[in-house]
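J.: Next comes the structure file entry-v4.pdb, holding PDB, C-alpha atoms.
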ATOM      1  CA  MET A  40      88.719  79.005 116.666
ATOM      2  CA  ALA A  41      88.266  82.540 115.379
ATOM      3  CA  GLU A  42      86.811  82.928 111.883
ATOM      4  CA  LYS A  43      88.776  86.108 111.117
ATOM      5  CA  GLN A  44      92.519  86.616 110.830
ATOM      6  CA  ARG A  45      93.801  89.676 112.638
ATOM      7  CA  VAL A  46      97.014  91.611 113.094
ATOM      8  CA  ILE A  47      96.596  92.928 116.628
ATOM      9  CA  ALA A  48      98.175  95.947 118.325
ATOM     10  CA  LEU A  49      98.363  95.371 122.093
ATOM     11  CA  GLY A  50      98.140  98.023 124.788
ATOM     12  CA  PHE A  51      95.829 100.154 126.868
ATOM     13  CA  PHE A  52      96.316 103.118 124.497
ATOM     14  CA  ASP A  53      95.254 105.924 126.836
ATOM     15  CA  GLY A  54      95.398 109.100 124.749
ATOM     16  CA  VAL A  55      96.473 107.135 121.645
ATOM     17  CA  HIS A  56      99.722 109.125 121.600
ATOM     18  CA  LEU A  57     102.669 109.085 119.183
ATOM     19  CA  GLY A  58     104.152 105.997 120.841
ATOM     20  CA  HIS A  59     100.886 104.126 120.403
ATOM     21  CA  GLY A  60     100.718 105.454 116.868
ATOM     22  CA  ALA A  61     103.945 103.630 115.971
ATOM     23  CA  LEU A  62     102.286 100.340 117.009
ATOM     24  CA  LEU A  63      99.050 101.084 115.197
ATOM     25  CA  ARG A  64     100.754 102.125 111.956
ATOM     26  CA  ARG A  65     102.833  98.948 111.959
ATOM     27  CA  ALA A  66      99.743  96.821 112.637
ATOM     28  CA  ARG A  67      97.978  98.509 109.712
ATOM     29  CA  GLU A  68     100.963  97.878 107.403
ATOM     30  CA  LEU A  69     101.271  94.225 108.410
ATOM     31  CA  ALA A  70      97.529  93.663 108.017
ATOM     32  CA  ASP A  71      97.655  95.112 104.502
ATOM     33  CA  GLU A  72     100.597  92.865 103.603
ATOM     34  CA  ARG A  73      98.752  89.775 104.860
ATOM     35  CA  GLY A  74      95.220  90.621 103.769
ATOM     36  CA  ALA A  75      94.108  90.544 107.414
ATOM     37  CA  ILE A  76      92.082  92.797 109.699
ATOM     38  CA  ALA A  77      94.013  95.534 111.482
ATOM     39  CA  ALA A  78      92.839  95.404 115.105
ATOM     40  CA  ALA A  79      93.732  96.801 118.501
ATOM     41  CA  VAL A  80      92.970  95.252 121.875
ATOM     42  CA  THR A  81      92.286  97.462 124.883
ATOM     43  CA  PHE A  82      90.341  97.297 128.155
ATOM     44  CA  ASP A  83      87.190  99.061 129.321
ATOM     45  CA  HIS A  84      88.899 100.150 132.561
ATOM     46  CA  HIS A  85      92.514 100.764 133.432
ATOM     47  CA  PRO A  86      94.014  97.652 135.108
ATOM     48  CA  ARG A  87      95.114  99.840 138.036
ATOM     49  CA  ASP A  88      91.436 100.515 138.886
ATOM     50  CA  LEU A  89      90.919  96.946 140.090
ATOM     51  CA  ILE A  90      94.421  96.421 141.420
ATOM     52  CA  GLN A  91      94.503  99.638 143.487
ATOM     53  CA  GLY A  92      90.771  99.844 144.207
ATOM     54  CA  LYS A  93      90.317 103.388 142.869
ATOM     55  CA  PRO A  94      89.710 104.827 139.390
ATOM     56  CA  THR A  95      92.624 106.125 137.328
ATOM     57  CA  PRO A  96      91.811 109.461 135.636
ATOM     58  CA  LEU A  97      92.084 108.720 131.923
ATOM     59  CA  ILE A  98      92.939 110.961 129.000
ATOM     60  CA  ASN A  99      90.144 109.308 127.001
ATOM     61  CA  THR A 100      87.220 106.929 127.411
ATOM     62  CA  HIS A 101      87.472 103.664 125.496
ATOM     63  CA  GLN A 102      84.892 105.028 123.029
ATOM     64  CA  GLU A 103      87.168 108.021 122.366
ATOM     65  CA  ARG A 104      90.217 105.775 122.014
ATOM     66  CA  THR A 105      88.317 103.735 119.453
ATOM     67  CA  ALA A 106      87.395 106.841 117.441
ATOM     68  CA  ILE A 107      90.993 108.130 117.454
ATOM     69  CA  MET A 108      92.488 104.780 116.403
ATOM     70  CA  LYS A 109      90.095 104.453 113.490
ATOM     71  CA  ARG A 110      90.279 108.115 112.413
ATOM     72  CA  TYR A 111      94.036 108.671 112.519
ATOM     73  CA  TYR A 112      95.480 105.204 112.033
ATOM     74  CA  GLY A 113      92.946 103.337 109.914
ATOM     75  CA  ILE A 114      92.401 100.543 112.435
ATOM     76  CA  ASP A 115      89.494  98.334 111.351
ATOM     77  CA  GLU A 116      88.444  96.969 114.746
ATOM     78  CA  VAL A 117      89.036  97.940 118.351
ATOM     79  CA  LEU A 118      88.312  95.005 120.656
ATOM     80  CA  VAL A 119      87.447  96.261 124.147
ATOM     81  CA  LEU A 120      87.870  93.583 126.813
ATOM     82  CA  PRO A 121      86.399  93.867 130.314
ATOM     83  CA  PHE A 122      89.136  94.172 132.904
ATOM     84  CA  ASP A 123      87.480  92.191 135.683
ATOM     85  CA  ARG A 124      88.843  89.807 138.300
ATOM     86  CA  ALA A 125      88.912  86.880 135.855
ATOM     87  CA  MET A 126      90.998  88.933 133.435
ATOM     88  CA  MET A 127      93.253  90.215 136.218
ATOM     89  CA  GLU A 128      93.999  86.667 137.420
ATOM     90  CA  MET A 129      94.414  85.092 133.961
ATOM     91  CA  PRO A 130      97.902  83.582 133.495
ATOM     92  CA  TRP A 131      99.926  85.258 130.750
ATOM     93  CA  ARG A 132     100.193  82.071 128.709
ATOM     94  CA  GLU A 133      96.411  81.606 128.743
ATOM     95  CA  PHE A 134      95.854  85.203 127.647
ATOM     96  CA  ALA A 135      98.074  84.606 124.626
ATOM     97  CA  THR A 136      96.749  81.190 123.647
ATOM     98  CA  HIS A 137      93.076  81.487 124.561
ATOM     99  CA  ILE A 138      92.301  85.177 123.965
ATOM    100  CA  LEU A 139      94.721  86.291 121.259
ATOM    101  CA  SER A 140      95.069  83.102 119.232
ATOM    102  CA  GLU A 141      91.871  81.082 119.697
ATOM    103  CA  GLN A 142      89.274  83.822 120.222
ATOM    104  CA  MET A 143      90.707  86.651 118.151
ATOM    105  CA  GLY A 144      92.536  84.804 115.399
ATOM    106  CA  ALA A 145      95.804  86.675 115.789
ATOM    107  CA  ILE A 146      98.313  85.903 113.031
ATOM    108  CA  HIS A 147     100.693  88.678 114.162
ATOM    109  CA  VAL A 148     100.853  90.886 117.250
ATOM    110  CA  VAL A 149     102.506  94.269 117.731
ATOM    111  CA  ALA A 150     103.410  95.552 121.200
ATOM    112  CA  GLY A 151     105.466  98.276 122.838
ATOM    113  CA  HIS A 152     108.823  97.624 124.513
ATOM    114  CA  ASP A 153     107.265  97.865 127.999
ATOM    115  CA  TYR A 154     104.129  95.784 127.361
ATOM    116  CA  HIS A 155     103.026  93.509 130.228
ATOM    117  CA  PHE A 156     100.080  91.134 130.344
ATOM    118  CA  GLY A 157      98.566  88.339 132.385
ATOM    119  CA  TYR A 158      98.416  87.805 136.137
ATOM    120  CA  LYS A 159     100.543  90.358 138.032
ATOM    121  CA  GLY A 160     101.939  91.521 134.693
ATOM    122  CA  GLU A 161     104.131  88.418 134.538
ATOM    123  CA  GLY A 162     103.925  88.379 130.755
ATOM    124  CA  ASN A 163     106.525  90.650 129.138
ATOM    125  CA  VAL A 164     107.816  91.158 125.605
ATOM    126  CA  ASP A 165     110.315  88.275 125.907
ATOM    127  CA  ARG A 166     107.544  85.892 126.937
ATOM    128  CA  LEU A 167     105.297  87.322 124.230
ATOM    129  CA  ARG A 168     107.929  86.578 121.570
ATOM    130  CA  GLU A 169     108.389  83.084 123.020
ATOM    131  CA  ILE A 170     104.708  82.128 123.092
ATOM    132  CA  CYS A 171     104.050  83.642 119.665
ATOM    133  CA  SER A 172     106.897  81.576 118.224
ATOM    134  CA  GLU A 173     105.381  78.440 119.762
ATOM    135  CA  MET A 174     101.979  79.241 118.211
ATOM    136  CA  GLY A 175     103.347  80.247 114.816
ATOM    137  CA  ILE A 176     102.242  83.854 115.252
ATOM    138  CA  GLY A 177     104.377  86.797 114.161
ATOM    139  CA  CYS A 178     105.506  89.256 116.844
ATOM    140  CA  THR A 179     106.850  92.796 116.442
ATOM    141  CA  ILE A 180     108.109  94.866 119.371
ATOM    142  CA  ILE A 181     108.203  98.644 118.902
ATOM    143  CA  PRO A 182     110.981 100.611 120.666
ATOM    144  CA  PRO A 183     110.271 103.774 122.689
ATOM    145  CA  VAL A 184     109.249 106.864 120.732
ATOM    146  CA  GLN A 185     110.867 110.126 121.808
ATOM    147  CA  LEU A 186     110.031 113.769 121.178
ATOM    148  CA  ASP A 187     112.215 116.646 122.407
ATOM    149  CA  GLY A 188     114.393 114.025 124.114
ATOM    150  CA  ILE A 189     111.438 112.798 126.204
ATOM    151  CA  THR A 190     109.914 109.328 125.914
ATOM    152  CA  VAL A 191     106.303 109.774 124.870
ATOM    153  CA  SER A 192     103.995 108.340 127.544
ATOM    154  CA  SER A 193     100.430 108.665 128.772
ATOM    155  CA  THR A 194     101.739 109.664 132.224
ATOM    156  CA  TYR A 195     103.724 112.598 130.817
ATOM    157  CA  ILE A 196     100.781 113.743 128.683
ATOM    158  CA  ARG A 197      98.369 113.566 131.635
ATOM    159  CA  GLY A 198     100.640 116.002 133.455
ATOM    160  CA  LEU A 199     100.634 118.409 130.503
ATOM    161  CA  ILE A 200      96.839 118.344 130.239
ATOM    162  CA  THR A 201      96.257 118.971 133.943
ATOM    163  CA  GLN A 202      98.697 121.910 133.774
ATOM    164  CA  GLY A 203      96.931 123.443 130.768
ATOM    165  CA  GLU A 204      99.889 122.913 128.433
ATOM    166  CA  MET A 205      97.501 121.830 125.712
ATOM    167  CA  GLU A 206      99.564 122.643 122.635
ATOM    168  CA  ARG A 207     102.487 120.607 123.957
ATOM    169  CA  ALA A 208     100.103 117.792 124.939
ATOM    170  CA  CYS A 209      98.737 117.758 121.394
ATOM    171  CA  ARG A 210     102.265 117.514 119.979
ATOM    172  CA  PHE A 211     102.943 114.423 122.092
ATOM    173  CA  LEU A 212      99.520 112.978 121.302
ATOM    174  CA  GLY A 213      99.956 113.575 117.579
ATOM    175  CA  HIS A 214      96.398 114.909 117.352
ATOM    176  CA  PRO A 215      94.121 117.320 119.235
ATOM    177  CA  HIS A 216      93.016 116.252 122.701
ATOM    178  CA  LEU A 217      89.541 114.738 122.388
ATOM    179  CA  MET A 218      86.676 115.060 124.861
ATOM    180  CA  THR A 219      83.132 113.916 124.119
ATOM    181  CA  GLY A 220      79.662 113.877 125.579
ATOM    182  CA  THR A 221      75.975 114.382 125.027
ATOM    183  CA  VAL A 222      74.671 117.960 125.081
ATOM    184  CA  VAL A 223      72.550 118.546 128.195
ATOM    185  CA  HIS A 224      70.445 121.492 129.366
ATOM    186  CA  GLY A 225      72.264 124.226 131.241
ATOM    187  CA  LYS A 226      71.029 127.488 132.765
ATOM    188  CA  GLN A 227      70.772 129.034 129.274
ATOM    189  CA  LEU A 228      72.425 132.169 130.633
ATOM    190  CA  GLY A 229      74.811 132.295 127.683
ATOM    191  CA  ARG A 230      71.881 132.691 125.317
ATOM    192  CA  THR A 231      70.880 135.965 126.999
ATOM    193  CA  LEU A 232      74.451 137.241 126.499
ATOM    194  CA  GLY A 233      74.514 136.340 122.813
ATOM    195  CA  ILE A 234      76.817 133.437 123.643
ATOM    196  CA  PRO A 235      74.665 130.279 123.481
ATOM    197  CA  THR A 236      76.777 127.390 124.753
ATOM    198  CA  ALA A 237      76.412 123.632 124.661
ATOM    199  CA  ASN A 238      76.905 121.881 127.990
ATOM    200  CA  LEU A 239      78.669 118.542 128.363
ATOM    201  CA  VAL A 240      79.173 116.803 131.718
ATOM    202  CA  LEU A 241      82.397 114.793 131.965
ATOM    203  CA  PRO A 242      82.392 111.095 132.912
ATOM    204  CA  SER A 243      83.707 110.609 136.445
ATOM    205  CA  ASN A 244      86.908 108.783 135.434
ATOM    206  CA  VAL A 245      88.070 111.230 132.741
ATOM    207  CA  LEU A 246      91.015 113.524 133.396
ATOM    208  CA  VAL A 247      89.929 117.156 133.830
ATOM    209  CA  PRO A 248      92.166 119.620 131.952
ATOM    210  CA  ALA A 249      93.335 122.766 133.719
ATOM    211  CA  PHE A 250      90.307 124.980 134.233
ATOM    212  CA  GLY A 251      90.038 127.732 131.669
ATOM    213  CA  VAL A 252      89.125 128.654 128.128
ATOM    214  CA  TYR A 253      90.424 126.759 125.105
ATOM    215  CA  ALA A 254      90.572 127.232 121.343
ATOM    216  CA  THR A 255      88.704 124.196 120.038
ATOM    217  CA  ARG A 256      86.956 122.535 117.154
ATOM    218  CA  VAL A 257      83.740 120.600 117.681
ATOM    219  CA  ARG A 258      82.241 117.822 115.601
ATOM    220  CA  VAL A 259      78.484 117.471 115.881
ATOM    221  CA  ALA A 260      75.673 116.335 113.574
ATOM    222  CA  GLY A 261      78.196 115.492 110.858
ATOM    223  CA  GLN A 262      79.795 118.949 110.754
ATOM    224  CA  THR A 263      82.930 120.578 112.199
ATOM    225  CA  HIS A 264      82.933 124.095 113.692
ATOM    226  CA  LEU A 265      85.295 126.415 115.550
ATOM    227  CA  ALA A 266      84.382 126.932 119.187
ATOM    228  CA  VAL A 267      85.502 128.692 122.340
ATOM    229  CA  THR A 268      85.262 126.123 125.129
ATOM    230  CA  ASN A 269      85.276 126.678 128.872
ATOM    231  CA  VAL A 270      86.363 123.800 131.102
ATOM    232  CA  GLY A 271      85.610 124.317 134.767
ATOM    233  CA  VAL A 272      82.964 125.316 137.273
ATOM    234  CA  ARG A 273      81.876 128.720 135.830
ATOM    235  CA  PRO A 274      82.474 130.735 139.034
ATOM    236  CA  THR A 275      80.824 133.923 137.717
ATOM    237  CA  VAL A 276      77.442 132.278 137.127
ATOM    238  CA  ASP A 277      77.358 129.036 139.124
ATOM    239  CA  ASP A 278      78.199 127.952 142.678
ATOM    240  CA  SER A 279      77.569 124.209 142.316
ATOM    241  CA  ASN A 280      81.248 123.342 141.638
ATOM    242  CA  ARG A 281      80.137 120.838 138.997
ATOM    243  CA  VAL A 282      82.770 120.530 136.273
ATOM    244  CA  THR A 283      81.428 121.082 132.766
ATOM    245  CA  VAL A 284      82.809 121.371 129.252
ATOM    246  CA  GLU A 285      80.976 124.273 127.659
ATOM    247  CA  PRO A 286      81.639 125.081 123.981
ATOM    248  CA  TRP A 287      80.326 128.252 122.349
ATOM    249  CA  ILE A 288      80.194 127.234 118.694
ATOM    250  CA  LEU A 289      81.101 130.182 116.483
ATOM    251  CA  ASP A 290      78.877 131.062 113.506
ATOM    252  CA  PHE A 291      76.285 128.450 114.422
ATOM    253  CA  GLU A 292      72.600 128.515 115.228
ATOM    254  CA  GLY A 293      70.519 125.486 116.083
ATOM    255  CA  ASP A 294      69.279 123.141 118.779
ATOM    256  CA  LEU A 295      71.877 120.586 119.838
ATOM    257  CA  TYR A 296      70.221 119.120 122.949
ATOM    258  CA  GLY A 297      70.674 115.360 123.110
ATOM    259  CA  GLN A 298      73.313 115.345 120.360
ATOM    260  CA  TYR A 299      76.636 113.552 120.750
ATOM    261  CA  MET A 300      79.499 116.042 120.450
ATOM    262  CA  GLU A 301      83.245 115.697 120.032
ATOM    263  CA  VAL A 302      85.358 118.582 121.345
ATOM    264  CA  GLU A 303      88.956 118.821 120.103
ATOM    265  CA  LEU A 304      91.108 120.991 122.391
ATOM    266  CA  TYR A 305      94.064 122.729 120.739
ATOM    267  CA  ALA A 306      95.268 125.622 122.912
ATOM    268  CA  HIS A 307      94.722 127.058 126.392
ATOM    269  CA  LEU A 308      93.767 130.747 126.039
ATOM    270  CA  ARG A 309      93.367 131.738 129.700
ATOM    271  CA  GLY A 310      92.604 130.373 133.130
ATOM    272  CA  GLU A 311      89.100 130.333 134.553
ATOM    273  CA  LYS A 312      88.338 133.348 136.736
ATOM    274  CA  LYS A 313      85.407 135.043 138.407
ATOM    275  CA  PHE A 314      84.356 138.332 136.772
ATOM    276  CA  GLU A 315      82.710 141.260 138.515
ATOM    277  CA  GLY A 316      79.641 141.016 136.305
ATOM    278  CA  LEU A 317      78.110 139.482 133.214
ATOM    279  CA  GLU A 318      79.170 142.357 130.951
ATOM    280  CA  GLN A 319      82.855 141.806 131.753
ATOM    281  CA  LEU A 320      82.382 138.069 131.209
ATOM    282  CA  GLN A 321      80.723 138.694 127.849
ATOM    283  CA  GLN A 322      83.512 141.018 126.684
ATOM    284  CA  GLU A 323      86.190 138.517 127.665
ATOM    285  CA  ILE A 324      84.477 135.651 125.838
ATOM    286  CA  PHE A 325      84.155 137.791 122.707
ATOM    287  CA  ARG A 326      87.896 138.465 122.987
ATOM    288  CA  ASN A 327      88.526 134.720 123.349
ATOM    289  CA  ALA A 328      86.441 134.138 120.198
ATOM    290  CA  ALA A 329      88.678 136.549 118.273
ATOM    291  CA  GLN A 330      91.753 134.731 119.659
ATOM    292  CA  THR A 331      90.302 131.394 118.532
ATOM    293  CA  ARG A 332      89.639 132.610 114.993
ATOM    294  CA  ALA A 333      93.154 134.055 114.801
ATOM    295  CA  TYR A 334      94.647 130.820 116.138
ATOM    296  CA  PHE A 335      93.075 128.696 113.425
ATOM    297  CA  ASP A 336      93.706 131.332 110.734
ATOM    298  CA  ARG A 337      97.402 130.828 111.529
ATOM    299  CA  GLY A 338      97.018 127.118 111.039
ATOM    300  CA  GLY A 339      96.578 126.275 114.701
ATOM    301  CA  GLU A 340     100.188 126.996 115.618
ATOM    302  CA  GLY A 341     100.618 129.424 118.482
ATOM    303  CA  ALA A 342      97.814 131.347 120.162
TER     304      ALA A 342
END
Could you quickly redo this structure as structure tokens?
T.:
Amino acid sequence: MAEKQRVIALGFFDGVHLGHGALLRRARELADERGAIAAAVTFDHHPRDLIQGKPTPLINTHQERTAIMKRYYGIDEVLVLPFDRAMMEMPWREFATHILSEQMGAIHVVAGHDYHFGYKGEGNVDRLREICSEMGIGCTIIPPVQLDGITVSSTYIRGLITQGEMERACRFLGHPHLMTGTVVHGKQLGRTLGIPTANLVLPSNVLVPAFGVYATRVRVAGQTHLAVTNVGVRPTVDDSNRVTVEPWILDFEGDLYGQYMEVELYAHLRGEKKFEGLEQLQQEIFRNAAQTRAYFDRGGEGA
């Protein structure tokens, strides 16, 4: 039997968008009313990875999802379960009784209208209500959340991100799109141009935004800075075709190698293109820096 009492939001939460936010806010409210821990349960990999035998490109890693849920919704704990064969084949009733009730100490669960769980997704919200009633656990089902007449979903937001429609993606997310990584050594070419960049290599299962330059903020070493960030393969200076996220942090000097960095993408400024030479590249990046400053001076609305 679990020692702690938890109100648990259920879902995969890719992107932690506005629809997820409705669940998380309600879980936080219920936990406060009951003096319990506000928790969310997610998986380390998307269930489709094991079912279909290939990775699903995700908006966020589970570490990023955890950070977003805690930062924007005040969730106390994010419980990340391994989605392995045992989990995939677990009957829905066992998931509810053994995992949620016995292991996690759920006293109330919150789920979306389309939530499925257990073997072959046989558990649905009707069965969740039924089993929770049997166990004496509260159950709240959240209806779809719509914006601009469109139901907010991770699938829709993935499409926006891959098309470079970052401002619209951020509206549906309810927060800037987050990408993270550890700063690694690059060619240090930017330093010779007066544009020293940090280099992050994306995890293999993370969705790659449309190649190009973005107005961003970065969080690193406890501080937040404006940055111009290139996502892509840097065709002017590199022929390896390796995708990198490369922020040039404005008004910053210092060594960031080995540091963990969060990059918040707000707006797509231009597509990635190959320039005739380094001078043209430098001039364009300086112009993008001016665009970025102007964007945030206007409150981050419109670029």
J.: Tell me which residues the PyMOL selection byres ((chain A and resi 199) around 12) grabs here, as an MDAnalysis selection string.
T.: chainID A and resid 98 191:198 200:212 216 246:249 306:307
J.: Output C-alpha atoms for every residue in that selection, as a PDB file, in the frame of the given file.
T.:
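Here's the written file result-v2.pdb:
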ATOM      1  CA  ILE A  98      92.939 110.961 129.000  1.00  0.00           C
ATOM      2  CA  VAL A 191     106.303 109.774 124.870  1.00  0.00           C
ATOM      3  CA  SER A 192     103.995 108.340 127.544  1.00  0.00           C
ATOM      4  CA  SER A 193     100.430 108.665 128.772  1.00  0.00           C
ATOM      5  CA  THR A 194     101.739 109.664 132.224  1.00  0.00           C
ATOM      6  CA  TYR A 195     103.724 112.598 130.817  1.00  0.00           C
ATOM      7  CA  ILE A 196     100.781 113.743 128.683  1.00  0.00           C
ATOM      8  CA  ARG A 197      98.369 113.566 131.635  1.00  0.00           C
ATOM      9  CA  GLY A 198     100.640 116.002 133.455  1.00  0.00           C
ATOM     10  CA  ILE A 200      96.839 118.344 130.239  1.00  0.00           C
ATOM     11  CA  THR A 201      96.257 118.971 133.943  1.00  0.00           C
ATOM     12  CA  GLN A 202      98.697 121.910 133.774  1.00  0.00           C
ATOM     13  CA  GLY A 203      96.931 123.443 130.768  1.00  0.00           C
ATOM     14  CA  GLU A 204      99.889 122.913 128.433  1.00  0.00           C
ATOM     15  CA  MET A 205      97.501 121.830 125.712  1.00  0.00           C
ATOM     16  CA  GLU A 206      99.564 122.643 122.635  1.00  0.00           C
ATOM     17  CA  ARG A 207     102.487 120.607 123.957  1.00  0.00           C
ATOM     18  CA  ALA A 208     100.103 117.792 124.939  1.00  0.00           C
ATOM     19  CA  CYS A 209      98.737 117.758 121.394  1.00  0.00           C
ATOM     20  CA  ARG A 210     102.265 117.514 119.979  1.00  0.00           C
ATOM     21  CA  PHE A 211     102.943 114.423 122.092  1.00  0.00           C
ATOM     22  CA  LEU A 212      99.520 112.978 121.302  1.00  0.00           C
ATOM     23  CA  HIS A 216      93.016 116.252 122.701  1.00  0.00           C
ATOM     24  CA  LEU A 246      91.015 113.524 133.396  1.00  0.00           C
ATOM     25  CA  VAL A 247      89.929 117.156 133.830  1.00  0.00           C
ATOM     26  CA  PRO A 248      92.166 119.620 131.952  1.00  0.00           C
ATOM     27  CA  ALA A 249      93.335 122.766 133.719  1.00  0.00           C
ATOM     28  CA  ALA A 306      95.268 125.622 122.912  1.00  0.00           C
ATOM     29  CA  HIS A 307      94.722 127.058 126.392  1.00  0.00           C
TER      30      HIS A 307
END
J.: Which value, in Å to one decimal, gives the distance between CA of Pro86 in chain A and CA of Glu301 in chain A?
T.: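 Going from CA of Pro86 in chain A over to CA of Glu301 in chain A, I get 25.9 Å.
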J.: Please evaluate the PyMOL selection byres ((chain A and resi 293) around 12) against the structure above and give the resulting residues as a PyMOL selection string.
T.: chain A and resi 230+235-237+259-260+287-292+294-296+298
J.: For a test of reading the model, state the distance in Å between CA of Arg73 in chain A and CA of Gly177 in chain A, rounded to one decimal.
T.: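 Spanning CA of Arg73 in chain A to CA of Gly177 in chain A is a straight-line distance of 11.3 Å.
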J.: Using CA of His137 in chain A and CA of His155 in chain A as the two end points, give the distance in Å to one decimal.
T.: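 Computing it gives 16.6 Å between the two atoms.
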J.: Kindly resolve the PyMOL selection byres ((chain A and resi 100-117) around 7) on the present coordinates and return the residues as a list of chain:residue names.
T.: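 Output from the PyMOL selection byres ((chain A and resi 100-117) around 7), applied to this file: A:Asp53, A:Gly54, A:Val55, A:Leu63, A:Arg64, A:Arg67, A:Ile76, A:Ala77, A:Ala78, A:Ala79, A:Val80, A:Asp83, A:Leu97, A:Asn99, A:Leu118, A:Val119, A:Val245.
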J.: Point out the residue among A:Glu303, A:Gly297, A:Phe52, A:Leu308 with the least atom-to-atom distance to Ala333 in chain A, counting all atoms listed in the file.
T.: A:Leu308
J.: Tell me which protein, DNA and RNA residues are within 7 Å of Ala145 in chain A, counting all atoms listed in the file, leaving out same-chain ones fewer than 3 positions away, and put them as a PyMOL selection string.
T.: chain A and resi 44-47+139-140+148
J.: Out of A:Thr283, A:Thr81, A:Ser172, A:Gln185, which residue has the shortest atom-to-atom distance to Thr221 in chain A when counting only C-alpha atoms?
T.: A:Thr283
J.: In the coordinate frame of the file, compute which residues have an atom within 9 Å of (78.3, 115.7, 134.7) when using all atoms listed in the file, and state them as an MDAnalysis selection string.
T.: chainID A and resid 239:243 281:283
J.: Let's have the selection written as a short mmCIF file (atom, residue, chain, number, x, y, z; two decimals), keeping the file's coordinate frame, with C-alpha atoms.
T.:
data_model
loop_
_atom_site.label_atom_id
_atom_site.label_comp_id
_atom_site.auth_asym_id
_atom_site.auth_seq_id
_atom_site.Cartn_x
_atom_site.Cartn_y
_atom_site.Cartn_z
CA LEU A 239 78.67 118.54 128.36
CA VAL A 240 79.17 116.80 131.72
CA LEU A 241 82.40 114.79 131.96
CA PRO A 242 82.39 111.10 132.91
CA SER A 243 83.71 110.61 136.44
CA ARG A 281 80.14 120.84 139.00
CA VAL A 282 82.77 120.53 136.27
CA THR A 283 81.43 121.08 132.77
#
J.: Using only C-alpha atoms, which residue out of A:Ile146, A:Pro130, A:Leu186, A:Ile181 lies closest to Gly162 in chain A?
T.: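 Smallest separation from Gly162 in chain A among the options: A:Pro130.
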J.: From the options A:Val302, A:Met174, A:His152, A:Val267, which residue's atoms come nearest to Met218 in chain A, counting only C-alpha atoms?
T.: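 Of A:Val302, A:Met174, A:His152, A:Val267, the one nearest Met218 in chain A is A:Val302, counting only C-alpha atoms.
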J.: Rank nothing, just name the residue among A:Arg326, A:Glu285, A:Arg166, A:Gly310 nearest to His224 in chain A, using all atoms listed in the file.
T.: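 Of A:Arg326, A:Glu285, A:Arg166, A:Gly310, the one nearest His224 in chain A is A:Glu285, counting all atoms listed in the file.
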